[in-house]
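Colleague: CSV, C-alpha atoms, file protein08.csv:
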chain,number,residue,atom,x,y,z
N,147,MET,CA,-60.9,34.0,-3.6
N,148,PRO,CA,-61.1,35.5,-7.1
N,149,ILE,CA,-58.9,38.5,-7.9
N,150,ARG,CA,-60.9,41.6,-8.5
N,151,PRO,CA,-60.2,43.1,-11.9
N,152,ARG,CA,-58.5,46.5,-11.7
N,153,PRO,CA,-57.6,47.6,-15.2
N,154,TRP,CA,-55.3,50.5,-14.1
N,155,LEU,CA,-53.4,48.2,-11.7
N,156,MET,CA,-53.0,45.6,-14.5
N,157,LEU,CA,-51.7,48.4,-16.8
N,158,ALA,CA,-49.0,49.2,-14.2
N,159,VAL,CA,-48.1,45.6,-13.8
N,160,MET,CA,-47.8,45.2,-17.5
N,161,VAL,CA,-45.6,48.3,-17.8
N,162,PHE,CA,-43.3,47.0,-15.1
N,163,GLY,CA,-43.3,43.4,-16.5
N,164,GLN,CA,-42.6,44.5,-20.1
N,165,ALA,CA,-39.9,46.9,-18.9
N,166,SER,CA,-38.3,44.0,-17.0
N,167,THR,CA,-38.2,41.8,-20.0
N,168,THR,CA,-36.8,44.7,-22.0
N,169,VAL,CA,-33.9,45.0,-19.5
N,170,VAL,CA,-33.2,41.3,-20.0
N,171,VAL,CA,-33.3,41.6,-23.8
N,172,ALA,CA,-31.3,44.8,-23.9
N,173,THR,CA,-28.6,43.7,-21.4
N,174,PRO,CA,-26.3,42.1,-24.1
N,175,ALA,CA,-26.4,45.3,-26.1
N,176,PHE,CA,-25.0,47.2,-23.1
N,177,LEU,CA,-22.3,44.6,-22.7
N,178,ILE,CA,-21.0,45.3,-26.2
N,179,PRO,CA,-18.0,47.4,-24.8
N,180,TYR,CA,-17.2,44.5,-22.4
N,181,PHE,CA,-17.3,42.0,-25.2
N,182,THR,CA,-15.1,44.0,-27.6
N,183,GLN,CA,-12.6,45.5,-25.2
N,184,GLU,CA,-12.3,42.7,-22.6
N,185,ARG,CA,-13.0,39.6,-24.7
N,186,GLY,CA,-11.6,40.8,-28.1
N,187,MET,CA,-14.8,40.4,-30.1
N,188,SER,CA,-15.3,42.4,-33.3
N,189,LEU,CA,-18.1,45.0,-33.2
N,190,ALA,CA,-20.1,43.0,-35.7
N,191,GLY,CA,-19.6,39.8,-33.6
N,192,ALA,CA,-20.6,41.6,-30.4
N,193,GLY,CA,-23.6,43.1,-32.2
N,194,LEU,CA,-24.6,39.6,-33.4
N,195,LEU,CA,-24.5,38.4,-29.8
N,196,ALA,CA,-26.6,41.4,-28.7
N,197,GLY,CA,-29.2,40.5,-31.3
N,198,MET,CA,-29.7,36.9,-30.1
N,199,PRO,CA,-32.5,37.8,-27.6
N,200,ASN,CA,-34.4,39.4,-30.5
N,201,LEU,CA,-34.0,36.3,-32.5
N,202,GLY,CA,-35.6,34.3,-29.7
N,203,LEU,CA,-38.4,36.8,-29.6
N,204,VAL,CA,-39.0,36.4,-33.4
N,205,LEU,CA,-39.2,32.6,-33.0
N,206,ALA,CA,-41.7,32.7,-30.2
N,207,LEU,CA,-43.9,35.8,-30.5
N,208,PHE,CA,-46.7,34.3,-32.7
N,209,LEU,CA,-46.9,31.1,-30.6
N,210,TRP,CA,-47.4,33.1,-27.4
N,211,GLY,CA,-50.0,35.3,-29.1
N,212,ALA,CA,-51.9,32.3,-30.4
N,213,LEU,CA,-51.8,30.7,-26.9
N,214,ALA,CA,-53.1,33.9,-25.4
N,215,ASP,CA,-56.1,33.8,-27.8
N,216,ARG,CA,-56.8,30.2,-26.8
N,217,VAL,CA,-56.2,30.1,-23.0
N,218,GLY,CA,-56.2,33.8,-21.9
N,219,GLU,CA,-53.6,36.2,-20.7
N,220,ARG,CA,-53.1,35.1,-17.1
N,221,ARG,CA,-51.8,31.6,-17.8
N,222,VAL,CA,-49.5,32.8,-20.5
N,223,LEU,CA,-47.9,35.4,-18.3
N,224,ILE,CA,-47.4,33.1,-15.4
N,225,ILE,CA,-46.0,30.3,-17.4
N,226,GLY,CA,-43.9,32.5,-19.6
N,227,LEU,CA,-42.4,34.7,-16.9
N,228,SER,CA,-41.5,31.6,-14.9
N,229,LEU,CA,-39.6,30.1,-17.8
N,230,SER,CA,-38.0,33.6,-18.4
N,231,VAL,CA,-36.5,33.5,-14.9
N,232,LEU,CA,-35.1,30.0,-15.6
N,233,ALA,CA,-33.6,31.2,-18.9
N,234,VAL,CA,-31.8,34.1,-17.3
N,235,ALA,CA,-30.3,31.6,-14.7
N,236,LEU,CA,-29.0,29.5,-17.6
N,237,SER,CA,-27.4,32.6,-19.3
N,238,MET,CA,-25.6,33.3,-16.0
N,239,LEU,CA,-24.2,29.8,-16.0
N,240,ALA,CA,-23.2,29.8,-19.7
N,241,GLY,CA,-19.7,30.6,-20.9
N,242,ASP,CA,-18.6,32.5,-24.0
N,243,GLY,CA,-19.6,31.9,-27.6
N,244,PHE,CA,-22.2,29.4,-28.6
N,245,TRP,CA,-23.8,28.6,-25.2
N,246,LEU,CA,-24.1,32.2,-24.2
N,247,GLY,CA,-25.7,33.0,-27.5
N,248,ALA,CA,-28.1,30.0,-27.1
N,249,ALA,CA,-29.0,31.2,-23.6
N,250,PHE,CA,-29.8,34.7,-25.0
N,251,VAL,CA,-32.0,33.2,-27.7
N,252,LEU,CA,-33.9,31.1,-25.1
N,253,GLY,CA,-34.3,34.1,-22.8
N,254,GLY,CA,-35.7,36.2,-25.7
N,255,ALA,CA,-38.1,33.4,-26.6
N,256,MET,CA,-39.4,33.1,-23.0
N,257,THR,CA,-39.7,36.9,-22.4
N,258,ALA,CA,-41.8,37.1,-25.6
N,259,CYS,CA,-44.7,35.8,-23.5
N,260,ILE,CA,-45.6,39.4,-22.4
N,261,ASN,CA,-45.2,41.3,-25.6
N,262,ASN,CA,-48.5,40.4,-27.3
N,263,THR,CA,-50.3,39.3,-24.1
N,264,SER,CA,-50.0,42.6,-22.4
N,265,GLY,CA,-51.4,44.5,-25.4
N,266,ARG,CA,-54.2,42.0,-25.7
N,267,LEU,CA,-55.0,42.4,-22.0
N,268,ILE,CA,-55.0,46.2,-22.1
N,269,THR,CA,-57.1,46.5,-25.3
N,270,GLY,CA,-59.6,44.1,-23.7
N,271,TRP,CA,-60.0,46.0,-20.5
N,272,PHE,CA,-60.1,49.6,-21.9
N,273,PRO,CA,-62.6,51.1,-24.3
N,274,VAL,CA,-61.5,52.5,-27.7
N,275,GLY,CA,-61.6,56.1,-26.6
N,276,ARG,CA,-58.8,55.5,-24.1
N,277,ARG,CA,-56.8,52.9,-25.9
N,278,GLY,CA,-54.4,55.3,-27.6
N,279,PHE,CA,-53.6,56.9,-24.2
N,280,VAL,CA,-53.3,53.6,-22.2
N,281,MET,CA,-51.4,51.9,-25.0
N,282,GLY,CA,-49.0,54.8,-25.0
N,283,ILE,CA,-48.5,54.3,-21.3
N,284,ARG,CA,-48.0,50.6,-21.9
N,285,GLN,CA,-45.5,51.3,-24.7
N,286,THR,CA,-43.3,53.3,-22.2
N,287,CYS,CA,-42.1,50.0,-21.0
N,288,GLN,CA,-39.6,49.6,-23.8
N,289,PRO,CA,-37.8,53.0,-23.4
N,290,LEU,CA,-38.0,52.7,-19.6
N,291,GLY,CA,-36.5,49.3,-19.7
N,292,MET,CA,-33.8,50.5,-22.0
N,293,ALA,CA,-33.1,53.5,-19.7
N,294,VAL,CA,-32.8,51.2,-16.7
N,295,ALA,CA,-30.5,48.9,-18.6
N,296,ALA,CA,-28.4,51.8,-19.8
N,297,VAL,CA,-27.9,53.2,-16.2
N,298,ALA,CA,-27.6,49.8,-14.4
N,299,VAL,CA,-25.9,47.3,-16.6
N,300,PRO,CA,-22.6,49.0,-17.5
N,301,PRO,CA,-21.7,49.8,-13.9
N,302,ILE,CA,-22.8,46.4,-12.6
N,303,ALA,CA,-20.7,44.7,-15.3
N,304,ALA,CA,-17.7,46.9,-14.5
N,305,GLY,CA,-18.0,46.4,-10.7
N,306,ALA,CA,-19.3,42.8,-10.4
N,307,GLY,CA,-18.9,41.2,-13.8
N,308,VAL,CA,-21.2,40.1,-16.6
N,309,VAL,CA,-22.9,37.4,-14.5
N,310,ALA,CA,-24.2,40.0,-12.0
N,311,ALA,CA,-25.3,42.2,-14.8
N,312,LEU,CA,-27.4,39.4,-16.3
N,313,GLY,CA,-28.8,38.5,-12.8
N,314,PHE,CA,-30.1,42.0,-12.4
N,315,GLY,CA,-32.7,41.4,-15.1
N,316,GLY,CA,-33.6,38.0,-13.6
N,317,ILE,CA,-34.5,39.7,-10.3
N,318,LEU,CA,-36.8,42.1,-12.1
N,319,LEU,CA,-38.5,39.2,-13.9
N,320,LEU,CA,-39.1,37.5,-10.6
N,321,VAL,CA,-40.8,40.6,-9.2
N,322,SER,CA,-42.9,40.8,-12.3
N,323,LEU,CA,-44.0,37.2,-12.0
N,324,ILE,CA,-45.2,37.8,-8.4
N,325,ALA,CA,-47.1,40.9,-9.5
N,326,CYS,CA,-48.8,39.1,-12.3
N,327,VAL,CA,-49.9,36.3,-10.0
N,328,CYS,CA,-51.4,38.8,-7.6
N,329,ALA,CA,-53.1,41.3,-10.1
N,330,VAL,CA,-53.8,39.9,-13.6
N,331,VAL,CA,-57.3,38.8,-14.6
N,332,ASP,CA,-58.1,37.6,-18.1
N,333,SER,CA,-59.7,40.2,-20.2
N,334,PRO,CA,-63.5,39.8,-20.8
N,335,SER,CA,-64.9,38.0,-23.8
N,336,SER,CA,-65.9,40.0,-26.9
N,337,ALA,CA,-69.5,40.1,-25.7
N,338,VAL,CA,-68.6,41.3,-22.2
N,339,ALA,CA,-66.1,43.8,-23.5
N,340,GLY,CA,-68.7,45.2,-25.8
N,341,ALA,CA,-71.1,45.7,-22.9
N,342,ALA,CA,-68.4,47.2,-20.7
N,343,GLY,CA,-67.0,49.5,-23.3
N,344,ALA,CA,-70.4,50.5,-24.7
N,345,ALA,CA,-70.3,50.9,-28.4
N,346,GLY,CA,-66.6,51.7,-28.4
N,347,ALA,CA,-65.0,48.3,-28.3
N,348,ALA,CA,-67.2,46.9,-31.1
N,349,GLY,CA,-67.4,50.1,-33.1
N,350,ALA,CA,-63.7,50.8,-33.7
N,351,ALA,CA,-63.1,51.3,-37.4
N,352,GLY,CA,-61.6,48.3,-39.0
N,353,GLU,CA,-62.1,46.1,-36.0
N,354,SER,CA,-63.2,42.7,-37.2
N,355,ARG,CA,-65.6,40.2,-35.6
N,356,PRO,CA,-63.7,37.6,-33.6
N,357,GLU,CA,-64.5,34.8,-36.1
N,358,SER,CA,-63.3,36.7,-39.2
N,359,ASN,CA,-59.8,36.6,-40.5
N,360,PRO,CA,-58.7,40.3,-40.7
N,361,TYR,CA,-56.0,39.5,-43.3
N,362,ARG,CA,-58.6,38.4,-45.9
N,363,GLY,CA,-59.7,41.1,-48.4
N,364,SER,CA,-57.6,43.9,-46.9
N,365,ALA,CA,-53.9,44.8,-46.9
N,366,THR,CA,-54.2,47.2,-44.0
N,367,LEU,CA,-52.6,45.0,-41.4
N,368,VAL,CA,-49.9,43.8,-43.8
N,369,ARG,CA,-49.0,47.5,-44.5
N,370,ILE,CA,-48.9,48.4,-40.8
N,371,HIS,CA,-46.6,45.4,-40.2
N,372,ALA,CA,-44.3,46.6,-43.0
N,373,VAL,CA,-44.2,50.2,-41.7
N,374,SER,CA,-43.4,49.0,-38.2
N,375,MET,CA,-40.5,46.8,-39.5
N,376,LEU,CA,-39.0,49.8,-41.2
N,377,LEU,CA,-39.5,52.2,-38.3
N,378,VAL,CA,-37.9,49.8,-35.8
N,379,VAL,CA,-34.6,50.0,-37.6
N,380,PRO,CA,-33.6,53.5,-36.3
N,381,GLN,CA,-35.0,52.7,-32.9
N,382,PHE,CA,-32.8,49.7,-32.3
N,383,ALA,CA,-29.8,51.2,-34.1
N,384,LEU,CA,-29.9,54.3,-31.9
N,385,SER,CA,-30.4,52.3,-28.6
N,386,THR,CA,-27.8,49.6,-29.5
N,387,PHE,CA,-25.0,51.8,-30.8
N,388,GLY,CA,-25.6,55.1,-29.0
N,389,LEU,CA,-23.3,54.1,-26.1
N,390,VAL,CA,-20.6,53.2,-28.6
N,391,TRP,CA,-21.0,56.4,-30.6
N,392,PHE,CA,-20.4,58.7,-27.7
N,393,THR,CA,-17.7,56.7,-25.9
N,394,VAL,CA,-15.6,56.0,-29.0
N,395,GLY,CA,-16.6,58.7,-31.4
N,396,PHE,CA,-16.7,61.6,-28.9
N,397,GLY,CA,-14.5,60.2,-26.1
N,398,TRP,CA,-17.3,60.4,-23.4
N,399,SER,CA,-17.1,58.2,-20.4
N,400,ALA,CA,-19.3,55.1,-20.2
N,401,LEU,CA,-21.2,56.7,-17.4
N,402,ALA,CA,-21.9,60.0,-19.3
N,403,ALA,CA,-22.9,58.1,-22.5
N,404,GLY,CA,-25.1,55.7,-20.5
N,405,ALA,CA,-26.8,58.7,-18.9
N,406,LEU,CA,-27.4,60.2,-22.3
N,407,VAL,CA,-29.0,57.0,-23.6
N,408,ALA,CA,-31.1,56.8,-20.4
N,409,VAL,CA,-32.3,60.4,-20.9
N,410,SER,CA,-33.2,59.6,-24.5
N,411,GLN,CA,-35.2,56.6,-23.4
N,412,PHE,CA,-37.1,58.6,-20.7
N,413,ALA,CA,-37.9,61.2,-23.4
N,414,GLY,CA,-39.1,58.4,-25.6
N,415,ALA,CA,-41.4,57.1,-22.9
N,416,ALA,CA,-43.0,60.5,-22.4
N,417,GLY,CA,-43.3,60.9,-26.2
N,418,ARG,CA,-45.2,57.6,-26.5
N,419,ILE,CA,-47.8,58.7,-24.0
N,420,ALA,CA,-48.2,62.1,-25.7
N,421,VAL,CA,-48.5,60.5,-29.2
N,422,GLY,CA,-51.1,58.0,-27.9
N,423,LEU,CA,-53.2,60.8,-26.3
N,424,TRP,CA,-52.8,62.7,-29.6
N,425,SER,CA,-54.2,59.8,-31.5
N,426,ASP,CA,-57.2,59.6,-29.3
N,427,ARG,CA,-57.9,63.3,-29.8
N,428,VAL,CA,-57.6,63.2,-33.6
N,429,ARG,CA,-59.5,59.9,-33.7
N,430,SER,CA,-56.8,58.3,-35.8
N,431,ARG,CA,-53.8,56.0,-35.3
N,432,LEU,CA,-52.5,56.2,-38.9
N,433,ARG,CA,-52.3,59.9,-39.5
N,434,PRO,CA,-50.0,60.4,-36.5
N,435,LEU,CA,-48.0,57.4,-37.6
N,436,LEU,CA,-47.4,59.0,-41.0
N,437,GLN,CA,-46.2,62.2,-39.4
N,438,VAL,CA,-43.9,60.4,-37.0
N,439,ALA,CA,-42.2,58.7,-40.0
N,440,VAL,CA,-41.7,62.0,-41.8
N,441,ILE,CA,-40.1,63.6,-38.6
N,442,GLY,CA,-37.9,60.6,-38.2
N,443,VAL,CA,-36.2,61.1,-41.5
N,444,VAL,CA,-35.5,64.8,-40.6
N,445,VAL,CA,-34.0,64.2,-37.2
N,446,LEU,CA,-31.8,61.3,-38.3
N,447,VAL,CA,-30.3,63.4,-41.1
N,448,LEU,CA,-29.7,66.2,-38.5
N,449,ALA,CA,-27.9,63.8,-36.2
N,450,ALA,CA,-25.7,62.6,-39.1
N,451,VAL,CA,-24.8,66.2,-40.0
N,452,PHE,CA,-23.8,67.1,-36.4
N,453,GLY,CA,-21.8,63.8,-36.3
N,454,TRP,CA,-19.9,64.7,-39.5
N,455,ALA,CA,-19.2,68.2,-38.0
N,456,GLY,CA,-17.9,66.7,-34.8
N,457,TRP,CA,-20.2,68.8,-32.6
N,458,ALA,CA,-20.7,66.6,-29.6
N,459,VAL,CA,-23.4,68.6,-27.8
N,460,PRO,CA,-25.6,69.3,-30.8
N,461,ALA,CA,-25.2,65.6,-31.8
N,462,ALA,CA,-26.3,64.6,-28.3
N,463,VAL,CA,-29.4,66.8,-28.5
N,464,ALA,CA,-30.2,65.4,-32.0
N,465,TYR,CA,-29.6,61.8,-30.7
N,466,VAL,CA,-32.1,62.4,-27.8
N,467,ILE,CA,-34.7,63.8,-30.2
N,468,ALA,CA,-34.1,61.1,-32.8
N,469,SER,CA,-34.4,58.4,-30.1
N,470,CYS,CA,-37.7,59.9,-28.9
N,471,VAL,CA,-39.2,60.0,-32.4
N,472,SER,CA,-38.0,56.5,-33.3
N,473,VAL,CA,-40.0,55.0,-30.5
N,474,ALA,CA,-43.1,57.2,-30.9
N,475,ASP,CA,-44.7,55.0,-33.6
N,476,ASN,CA,-44.8,51.8,-31.6
N,477,GLY,CA,-48.0,52.5,-29.6
N,478,LEU,CA,-49.8,53.9,-32.6
N,479,ALA,CA,-49.1,50.8,-34.7
N,480,PHE,CA,-49.7,48.4,-31.8
N,481,THR,CA,-53.1,49.9,-31.1
N,482,ALA,CA,-54.0,50.0,-34.8
N,483,VAL,CA,-53.2,46.4,-35.2
N,484,ALA,CA,-55.2,45.3,-32.1
N,485,GLU,CA,-58.3,47.4,-33.2
N,486,THR,CA,-58.1,46.2,-36.8
N,487,ALA,CA,-57.7,42.5,-35.9
N,488,GLY,CA,-60.4,42.3,-33.3
N,489,ARG,CA,-60.5,40.4,-30.0
N,490,GLY,CA,-60.5,36.9,-31.6
N,491,TRP,CA,-57.4,37.7,-33.7
N,492,ALA,CA,-55.6,40.2,-31.5
N,493,GLY,CA,-53.1,37.8,-30.0
N,494,ARG,CA,-52.0,36.4,-33.3
N,495,ALA,CA,-52.0,39.7,-35.2
N,496,LEU,CA,-49.9,41.3,-32.4
N,497,GLY,CA,-47.7,38.3,-32.6
N,498,ILE,CA,-47.1,38.9,-36.3
N,499,GLN,CA,-46.6,42.6,-35.6
N,500,ASN,CA,-44.0,42.0,-33.0
N,501,THR,CA,-42.4,39.2,-35.0
N,502,GLY,CA,-41.8,41.5,-37.9
N,503,GLN,CA,-40.4,44.2,-35.6
N,504,PHE,CA,-38.0,41.9,-33.8
N,505,LEU,CA,-36.9,40.2,-37.0
N,506,ALA,CA,-35.8,43.6,-38.2
N,507,ALA,CA,-34.3,44.4,-34.8
N,508,ALA,CA,-32.3,41.1,-34.8
N,509,ALA,CA,-30.7,42.2,-38.1
N,510,VAL,CA,-29.9,45.7,-36.9
N,511,GLY,CA,-27.0,44.5,-34.6
N,512,PRO,CA,-24.8,42.8,-37.1
N,513,VAL,CA,-25.8,44.9,-40.1
N,514,VAL,CA,-25.5,48.3,-38.5
N,515,GLY,CA,-22.4,47.2,-36.6
N,516,GLY,CA,-20.7,46.2,-39.8
N,517,LEU,CA,-21.9,49.4,-41.5
N,518,ILE,CA,-20.5,51.6,-38.7
N,519,THR,CA,-17.2,49.7,-39.1
N,520,LEU,CA,-17.1,50.6,-42.8
N,521,VAL,CA,-18.4,54.2,-42.9
N,522,GLY,CA,-18.6,55.5,-39.4
N,523,VAL,CA,-21.7,56.4,-37.2
N,524,PRO,CA,-22.7,59.7,-39.0
N,525,THR,CA,-22.9,58.1,-42.4
N,526,ALA,CA,-24.6,55.1,-41.0
N,527,LEU,CA,-27.3,57.3,-39.5
N,528,ALA,CA,-27.8,59.0,-42.8
N,529,LEU,CA,-28.3,55.7,-44.5
N,530,ILE,CA,-30.6,54.5,-41.7
N,531,ALA,CA,-32.9,57.5,-42.5
N,532,LEU,CA,-33.8,55.6,-45.7
N,533,ALA,CA,-35.9,53.2,-43.5
N,534,PRO,CA,-38.5,55.7,-42.3
N,535,ALA,CA,-38.4,57.4,-45.7
N,536,ALA,CA,-39.4,54.0,-47.3
N,537,ALA,CA,-42.2,53.7,-44.7
N,538,ILE,CA,-44.0,56.9,-45.6
N,539,PRO,CA,-45.8,55.7,-48.7
N,540,LEU,CA,-46.7,52.4,-47.0
N,541,VAL,CA,-48.8,53.9,-44.2
N,542,PRO,CA,-52.5,53.1,-44.9
N,543,ARG,CA,-54.6,56.2,-45.5
N,544,GLU,CA,-57.9,56.6,-43.7
N,545,GLY,CA,-61.1,57.9,-45.3
N,546,ARG,CA,-63.5,60.3,-43.6
N,547,ARG,CA,-65.9,57.6,-42.6
N,548,ALA,CA,-63.2,55.6,-40.8
N,549,ARG,CA,-62.1,58.7,-38.8
N,550,GLU,CA,-65.6,59.5,-37.8
N,551,SER,CA,-66.2,55.9,-36.5
N,552,LYS,CA,-63.2,56.3,-34.2
N,553,ALA,CA,-64.9,58.9,-32.0
N,554,PRO,CA,-63.7,58.5,-28.4
N,555,VAL,CA,-66.0,56.6,-26.1
N,556,GLY,CA,-66.4,57.0,-22.4
N,557,ALA,CA,-64.9,59.5,-20.0
N,558,ARG,CA,-61.4,60.7,-20.3
Now, as a test, write the supplied structure out as structure tokens.

Modeller:
Amino acid sequence: MPIRPRPWLMLAVMVFGQASTTVVVATPAFLIPYFTQERGMSLAGAGLLAGMPNLGLVLALFLWGALADRVGERRVLIIGLSLSVLAVALSMLAGDGFWLGAAFVLGGAMTACINNTSGRLITGWFPVGRRGFVMGIRQTCQPLGMAVAAVAVPPIAAGAGVVAALGFGGILLLVSLIACVCAVVDSPSSAVAGAAGAAGAAGAAGESRPESNPYRGSATLVRIHAVSMLLVVPQFALSTFGLVWFTVGFGWSALAAGALVAVSQFAGAAGRIAVGLWSDRVRSRLRPLLQVAVIGVVVLVLAAVFGWAGWAVPAAVAYVIASCVSVADNGLAFTAVAETAGRGWAGRALGIQNTGQFLAAAAVGPVVGGLITLVGVPTALALIALAPAAAIPLVPREGRRARESKAPVGAR
């Protein structure tokens, strides 16, 4: 019996599924204290190991997106999540060093199945007037997954060991796989989507016809990709080394620092929804993206100042705000890429988008880890603020006609 399409249920399944894969990808980062203190790794070496899942994502994202464009979302999700469960099992069997790193790369590559596919599914089932809001909800998966990992992984590793901590993510993936089998229906074709979404799905500014290559004759997508790569640097630096900063730099317990990281991720989740709704209201994805980049520079510098002063509580507040701002851009850029690329290119364009982001994220672990070793966390944060500063002039500007064509469609 065919599954009845329920867009809001599929959105919920995608949020849970993406959050589950985020837990799997983020788990090695929350094992950094274990790797450095129990196994004697350097901070840069442990950061390199924590970046291995992101390397796997980089290698596989475009391929999963191209496959989703060809065969639809449902098959990609079922196949990819099944292989993700297998990859987590292999990481649990691997020892230290090379094989553990290889298992992390494989796990990242397999979990990449959902990154582009979930965005393609959601933009296919919702009209343009709601896409900012629903994509903001979808984008809560990353901070929610980080929050779950921050709260669950350190205590599990401390009480039951690293194998159990890795297995926690595998259980979440298995639940996600079952939910996808029960709920996901391929998004409609461009013709059906245009009818279902009235003029909205076809009338979004910059949205190409499926057969046209959106990269030809315009630098808009390339510029959005570049901006996202720069803005992802503070996001992953804060989430990867926040636990280390407050445990080593301020002497907090792992539980207290993990709770702070979790709070910052929940705040980021709420911020993504608010920014997505804001973009629907102002009929623009790019103007809010520019403003997020500007605010990101300010809050990173404030966090650095409080760190230099040794003020733990103000530094914690600044850390939460900076973490919230650092993830606020993702939904905006993701939606802008999908709308600009069009249905026929959405999977591939989102694959390129995510590939660029995770390529930058994979470099954050070892580079920022080495930077912190040399100059300390506060100075590293001040230097990291250069990334959103460089993104500001790269954000594409919208003309009046483009903004008017993005008028919300359908009921809110």

Colleague: Between N:Gly316, N:Pro542, N:Pro460, N:Gly270, which has the minimum distance to Val170 in chain N (counting all atoms listed in the file)?

Modeller: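 Looking at the shortest contact to Val170 in chain N, the residue is N:Gly316.
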
Colleague: Hey, which of N:Cys328, N:Ala233, N:Ala474, N:Leu432 ends up closest to Ala416 in chain N? Count all atoms listed in the file.

Modeller: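 Result for the nearest residue to Ala416 in chain N: N:Ala474.
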
Colleague: Can you list, as a PDB file with C-alpha atoms, keeping the file's coordinate frame, every protein, DNA or RNA residue that comes within 8 Å of range 408-410 of chain N when you count only C-alpha atoms, leaving out same-chain residues fewer than 5 positions away?

Modeller:
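File part19.pdb, as written:
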ATOM      1  CA  MET N 292     -33.800  50.500 -22.000  1.00  0.00           C
ATOM      2  CA  ALA N 293     -33.100  53.500 -19.700  1.00  0.00           C
ATOM      3  CA  VAL N 294     -32.800  51.200 -16.700  1.00  0.00           C
ATOM      4  CA  ALA N 296     -28.400  51.800 -19.800  1.00  0.00           C
ATOM      5  CA  VAL N 297     -27.900  53.200 -16.200  1.00  0.00           C
ATOM      6  CA  TYR N 465     -29.600  61.800 -30.700  1.00  0.00           C
ATOM      7  CA  VAL N 466     -32.100  62.400 -27.800  1.00  0.00           C
ATOM      8  CA  ILE N 467     -34.700  63.800 -30.200  1.00  0.00           C
ATOM      9  CA  SER N 469     -34.400  58.400 -30.100  1.00  0.00           C
ATOM     10  CA  CYS N 470     -37.700  59.900 -28.900  1.00  0.00           C
TER      11      CYS N 470
END

Colleague: Take CA of Val222 in chain N and CA of Gly254 in chain N and report the distance between them in Å, one decimal.

Modeller: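 Here the two named atoms are 15.1 Å from each other.
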
Colleague: Could you give me, as a list in words, the residues within 8 Å of Leu319 in chain N, counting all atoms listed in the file and dropping anything in the same chain fewer than 3 positions from it?

Modeller: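 Once the nearby chain positions are removed, what remains is Gly163, Ser166, Thr167, Leu227, Ser230, Val231, Gly315, Gly316, Ser322 and Leu323 of chain N.
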
Colleague: Using all atoms listed in the file for the distances, tell me which of N:Met375, N:Val541, N:Met198, N:Leu155 is nearest to Ala249 in chain N.

Modeller: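 Going through N:Met375, N:Val541, N:Met198, N:Leu155 one by one, the smallest distance to Ala249 in chain N is for N:Met198.
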
Colleague: Could you name the residues that touch Ala537 in chain N at 7 Å or less, counting all atoms listed in the file, but leaving out those on the same chain fewer than 3 positions away, as a list of chain:residue names?

Modeller: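 Non-adjacent residues within range: N:Val373, N:Leu376, N:Ala439, N:Ala533, N:Pro534, N:Leu540, N:Val541.
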
Colleague: What is the CA of Val471 in chain N to CA of Ala535 in chain N distance in Å?

Modeller: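 Computing the Euclidean distance for CA of Val471 in chain N and CA of Ala535 in chain N yields 13.6 Å.
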
Colleague: What is the distance between CA of Gly282 in chain N and CA of Val447 in chain N, in Å to one decimal?

Modeller: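 The value is 26.1 Å.
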
Colleague: For Pro512 in chain N, find every residue with an atom within 10 Å (counting only C-alpha atoms), except residues of its own chain fewer than 6 positions away, and show them as a ChimeraX atom specification.

Modeller: /N:189-197,518

Colleague: With all atoms listed in the file as the atoms that count, which of N:Val444, N:Ile224, N:Ala303, N:Ala487 lies nearest to Val331 in chain N?

Modeller: N:Ile224

Colleague: Using only C-alpha atoms, find the one residue out of N:Val274, N:Leu213, N:Ala461, N:Val514 that sits nearest to Glu485 in chain N.

Modeller: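 Answer, going by the shortest atom-to-atom distance: N:Val274.
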
Colleague: Can you list, as number ranges by chain, every protein, DNA or RNA residue that comes within 10 Å of Arg543 in chain N when you count only C-alpha atoms, leaving out same-chain residues fewer than 6 positions away?

Modeller: N: 366, 432-433, 436

Colleague: Using all atoms listed in the file, find all polymer residues with an atom at most 12 Å away from the point (-26.6, 46.2, -32.6); report them as an MDAnalysis selection string.

Modeller: chainID N and resid 171:179 188:200 379:391 506:519

Colleague: Select, from N:Arg494, N:Gly395, N:Gln411, N:Val161, the residue with the minimum atom-to-atom distance to Trp457 in chain N, counting all atoms listed in the file.

Modeller: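 Among the listed residues, the smallest separation from Trp457 in chain N belongs to N:Gly395.
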